[in-house]
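Here is the structure we will look at, set down as structure tokens.
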Amino acid sequence: MTDQRSQAELVRQSLKRRYRKERRFRLYGIVAIFIALASLFILFADIIGKGHTGFVKTTITLDVTLDSETMYLDDPTDKDQIAMADFVAPIIAALQDHFPNAEGRAAKRELGRLVGSYAASDIRDLLEANPDLLNTTQTMEFLAHDTVSVYVKHADDPSYSIRLSEQQQAWVDELLEKGVVDTSFNDVLFSRGDSREPGNAGILGAIVGSLFTMLVTLAISFPVGIAAAIYLEEFAPQNRLTDFIEVNINNLAAVPSIIFGLLGLAVFIGLFGMPRSVPVVGGLVLALMTLPTIIISSRAAIKSVPPSIREAAEGIGASKMQVVLHHVVPLAMPGMLTGSIIGMAQALGETAPLLLIGMVAFIVDVPDGFFSSATVLPVQIYLWASSSEQGFVELASAGIMVLLAFMISMNALAIWLRKRLERRW
Amino acid sequence: MQTANLLPLILVLAVAAYGLAFMRSRAVAAPLGGIRNLKALPFYYAARAALWCAIPALIVLAAWAGFEGKVIQGMVISSLPQNVWPESPGQASLVLSQISNVAAGKLNPEFVPEHIAGAAGLLENLRAQSGTFKTILVLLIAALGAAFAWTRVAPHINARESVERTLRRIFFVCAAVAVLTTVGIVFSVIFETVRFFGKVPITEFLFGTSWSPQTALRADQVGAEGAFGIIPLFTGTLLISAIALLVAVPIGLLSAIYLSEYASKRVRATVKPLLEMLAGVPTVVYGFFAALTVAPFIRDMAELVGLEASSQSALAAGLVMGIMIIPFVSSLSDDVINAVPQTLRDGSLALGATQSETMKNVIFPAALPGIIGGILLAASRAIGETMIVVMAAGLAANLTANPLDSVTTVTVQIATLLVGDQEFDSAKTLSAFALGMMLFIVTLLLNVVALKIVRKYREQYD
């Protein structure tokens, strides 16, 4: 008896320790989840924190007198005169109206460096389009120089270095107070291609490039993926060849993406002589990469169609192909679409293989077709992130936000489709 | 005509063939007393005509477009006078780009030697001819196909069977694309790798301890040979992957355990998609985060405690990569933990074990093979990951185990060696393909082993 009691005693004593262990174990799990979610949160917060200023541009609004004498220009329709004319002078003159004390060459030069280097060509374009504006005064909005932009947006941020002289800082402060220097929504970001200057760089070129690339990827991987899934699920005989194909698909799904870049380089560019850095080649490579994802999810969708549907169709005399195309595929379509959208979202964010097929070139123009040199959104982000110019970091994070917005909406679409169209059997 | 313009034309022809064959089948059926006297529905006669029209034409078009460029290049090169024939492939590509620049009008013909200008004329000529021939040939084949199908619209011919057979074949070809891709990958790396081993002995590649592929411009410069020892790259890759797994395995595994055993349905429904979001974030975003936030942070922290850290430390890349593969580990472990039969759980709990004891002593050992499979898959993912390391790890091939030092990886080297202009025959370019082959083999082995373990484990409980 005593023996038994002491054993119960022992259990009771150990219980406390065991419950403590239990609580600790549970805590480990919570901590793990917390760390994972915290890193997700920090990642997003960091990108938004770095990138929200990318959506803001700094402008200088000036009353520019387009005086023919200061510009050495009598006739804006004359190409030679336009080429020789001095379009910076009226800008400096307009700035001098605000700071009458700024005289001398050095001061003028410093004033001139407040506006971006495209300001002069803005005036030229205006005069070329409307020659009769010569000798009038126009209110024009110029992009500020990148150093001014950094000063206005990041004066308190120690990770940015201010490259304005004391004098220029004082000027900009005064202009800010007057409202001449102002910040507004960065429409340049969404209306231009890449540029060497952060203020003039936009992601429109990259977005259009991504669009062309994705169209190629979709046009290939969606039909081919679905057809392959149909074959494997419905028609494939049980033999070695089928097994081999299945093993291949599973392995391809796990091949590192950069290997597909090597494939593209060696086969599409090397063997077939296709041009470098074009959306067609990028789209082909990404299509091969996303194909396994689409095949695997489409197969799952086909598998989930209950056999009774097939049997009913067969029972009233449909051929195997009719069963599949008229009944199984339409019912599996929501699942196939969901898988394809998720595959496309993956392809949209892919960078590494595109580096190898030359989509990292510096391209200013917005691409206009499947065979024009282009870059894509993630590659553009990579290029900006590795640039040494400090204004590009905020552009890269702004680009990341746009990319994430695209991906999140694609995934949301997939989830919505699944909720909306999926049938439970 | 351009290939891109021919595609819609073929489509139009196919639609026309469809319509014509449809009408023809009805016309054939009418005197017999309606379409029920045909062997197949008019749709199938029409579909067969469309297939016959489009498929042969598309195959010819694809073949033509694929080899047009190479053939024309060969003809242009061989048209050059004997004494200026390019000696090496590198020179040939230089000459060709010059010729095509002249032909495209980017280069003034007066600035180049006469034979180049002549060849440019020839190039333009050949291109135009090829375009014309291609258009005629493709349209002819499409028309012939449609015509043949038209003659085969007859009541006793079962068009449905032939359409279904063709569709089946198309489906099979689509499934075979996966195999073709694998074959393409293997061949694209194998040829260049063999050529690379012709220049650099395989033993030096596998066992050499220094890597500096920068071959010099002149043969007499210092280090003109370049060094191609893969060991520092492998250790660098392993170091970063090991850090990543050290982060991802405990976090992923513990969160999977918590989610599958403890969490309420509501918590699970919110936390799981959030965790999976980590897998959906593009790698370039992680690279950005690692290079611009984590790496400087680690450097500052290390300085604070008096350690010296590189601004491109292996630790930063590894940590961020670990965050990226958390969802792989957690969702795979979640699957295998859920696959452990409920009876094992019930049995253990009934004997008085606490939930954690059940987990540690019963479920975990039962799920271990599956979990190891998942970890191997995550490892292969880490080894093949490119963007994070390209942006956050360095280029210098240091043979070190110090996580605060800068290391380089196989993928970084592939990317840097092949980005931008390359000379085709140099050991430097070829080495990237050899590295690619190594990477492919290693990840393939990891995947095959992992899938085998997972499958075997599944069979055990199914």
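Identifiers in the structure tokens: chain A, B, ... in order shown; residue index from 1 per chain; ligand index from 1 in order shown.
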
Taking only C-alpha atoms into account, which residues of chain A are within 6 Å of chain B, as a ChimeraX atom specification? /A:22,29,32-33,224,227-228,231,249,256,263,266,272-273,349,356

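Residues lying within 10 Å of Leu211 in chain A, counting only C-alpha atoms and ignoring same-chain neighbours fewer than 2 positions away, are Gly205, Ala206, Ile207, Val208, Gly209, Thr213, Met214, Leu215, Val216, Thr217, Pro279, Gly283, Leu348, Phe370, Val376 and Leu377 of chain A.
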
If you keep C-alpha atoms, can you produce a file of those selected residues as a PDB file, in the first residue's frame?
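Done, and the output landed in out.pdb:
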ATOM      1  CA  GLY A 205       9.007  51.158 -68.804  1.00  0.00           C
ATOM      2  CA  ALA A 206       9.484  48.302 -66.366  1.00  0.00           C
ATOM      3  CA  ILE A 207       5.746  47.841 -65.856  1.00  0.00           C
ATOM      4  CA  VAL A 208       5.128  47.685 -69.598  1.00  0.00           C
ATOM      5  CA  GLY A 209       8.080  45.297 -69.974  1.00  0.00           C
ATOM      6  CA  THR A 213       6.726  39.337 -70.602  1.00  0.00           C
ATOM      7  CA  MET A 214       3.766  38.096 -68.582  1.00  0.00           C
ATOM      8  CA  LEU A 215       1.569  37.979 -71.701  1.00  0.00           C
ATOM      9  CA  VAL A 216       4.075  35.670 -73.375  1.00  0.00           C
ATOM     10  CA  THR A 217       4.351  33.557 -70.237  1.00  0.00           C
ATOM     11  CA  PRO A 279      10.179  40.167 -73.501  1.00  0.00           C
ATOM     12  CA  GLY A 283       8.441  35.190 -71.256  1.00  0.00           C
ATOM     13  CA  LEU A 348       6.060  38.333 -62.036  1.00  0.00           C
ATOM     14  CA  PHE A 370       7.437  41.811 -77.727  1.00  0.00           C
ATOM     15  CA  VAL A 376      10.879  44.101 -65.904  1.00  0.00           C
ATOM     16  CA  LEU A 377       9.747  45.422 -62.565  1.00  0.00           C
TER      17      LEU A 377
END

Could you tell me which of A:Leu95, A:Met140, A:Val148, A:Ala374 comes closest to Gly116 in chain A if we count only C-alpha atoms?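 Closest to Gly116 in chain A, using only C-alpha atoms: A:Val148.
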
Give me every strand (DSSP E) residue in range 132-313 of chain A, going by DSSP on the backbone, as an NGL selection string. :A and (137-143 or 181-185)

Write out, as a PDB file, in the first residue's frame, the residues just selected, with N, CA and C atoms.
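Output contents, as saved in again_19.pdb:
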ATOM      1  N   THR A 137       6.449  85.923 -70.458  1.00  0.00           N
ATOM      2  CA  THR A 137       6.788  85.342 -69.161  1.00  0.00           C
ATOM      3  C   THR A 137       5.821  84.206 -68.879  1.00  0.00           C
ATOM      4  N   GLN A 138       6.392  83.044 -68.597  1.00  0.00           N
ATOM      5  CA  GLN A 138       5.572  81.862 -68.358  1.00  0.00           C
ATOM      6  C   GLN A 138       5.809  81.341 -66.950  1.00  0.00           C
ATOM      7  N   THR A 139       4.757  80.855 -66.306  1.00  0.00           N
ATOM      8  CA  THR A 139       4.936  80.163 -65.027  1.00  0.00           C
ATOM      9  C   THR A 139       5.159  78.695 -65.325  1.00  0.00           C
ATOM     10  N   MET A 140       6.363  78.231 -64.986  1.00  0.00           N
ATOM     11  CA  MET A 140       6.685  76.837 -65.316  1.00  0.00           C
ATOM     12  C   MET A 140       7.088  76.080 -64.060  1.00  0.00           C
ATOM     13  N   GLU A 141       6.723  74.777 -64.061  1.00  0.00           N
ATOM     14  CA  GLU A 141       7.086  73.939 -62.923  1.00  0.00           C
ATOM     15  C   GLU A 141       8.229  73.024 -63.358  1.00  0.00           C
ATOM     16  N   PHE A 142       9.357  73.126 -62.648  1.00  0.00           N
ATOM     17  CA  PHE A 142      10.499  72.280 -62.981  1.00  0.00           C
ATOM     18  C   PHE A 142      10.712  71.257 -61.878  1.00  0.00           C
ATOM     19  N   LEU A 143      11.292  70.103 -62.274  1.00  0.00           N
ATOM     20  CA  LEU A 143      11.738  69.157 -61.248  1.00  0.00           C
ATOM     21  C   LEU A 143      12.971  69.739 -60.586  1.00  0.00           C
ATOM     22  N   VAL A 181       9.462  76.195 -53.887  1.00  0.00           N
ATOM     23  CA  VAL A 181       9.840  74.785 -53.868  1.00  0.00           C
ATOM     24  C   VAL A 181       8.743  74.039 -53.140  1.00  0.00           C
ATOM     25  N   ASP A 182       8.250  73.010 -53.768  1.00  0.00           N
ATOM     26  CA  ASP A 182       7.112  72.306 -53.172  1.00  0.00           C
ATOM     27  C   ASP A 182       7.222  70.813 -53.482  1.00  0.00           C
ATOM     28  N   THR A 183       6.513  70.024 -52.709  1.00  0.00           N
ATOM     29  CA  THR A 183       6.481  68.595 -53.009  1.00  0.00           C
ATOM     30  C   THR A 183       5.071  68.212 -53.408  1.00  0.00           C
ATOM     31  N   SER A 184       4.983  67.269 -54.337  1.00  0.00           N
ATOM     32  CA  SER A 184       3.662  66.815 -54.764  1.00  0.00           C
ATOM     33  C   SER A 184       3.779  65.361 -55.190  1.00  0.00           C
ATOM     34  N   PHE A 185       2.663  64.784 -55.585  1.00  0.00           N
ATOM     35  CA  PHE A 185       2.658  63.380 -55.964  1.00  0.00           C
ATOM     36  C   PHE A 185       3.562  63.143 -57.167  1.00  0.00           C
TER      37      PHE A 185
END

Can you list, as a list in words, every protein, DNA or RNA residue that comes within 8 Å of His327 in chain A when you count only C-alpha atoms, leaving out same-chain residues fewer than 4 positions away?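 Residues meeting the cut-off are Ile309, Arg310, Ala313, Gln322, Val323 and Leu331 of chain A.
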
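Here CA of Lys39 in chain B is placed at a distance of 6.1 Å from CA of Ile157 in chain B.
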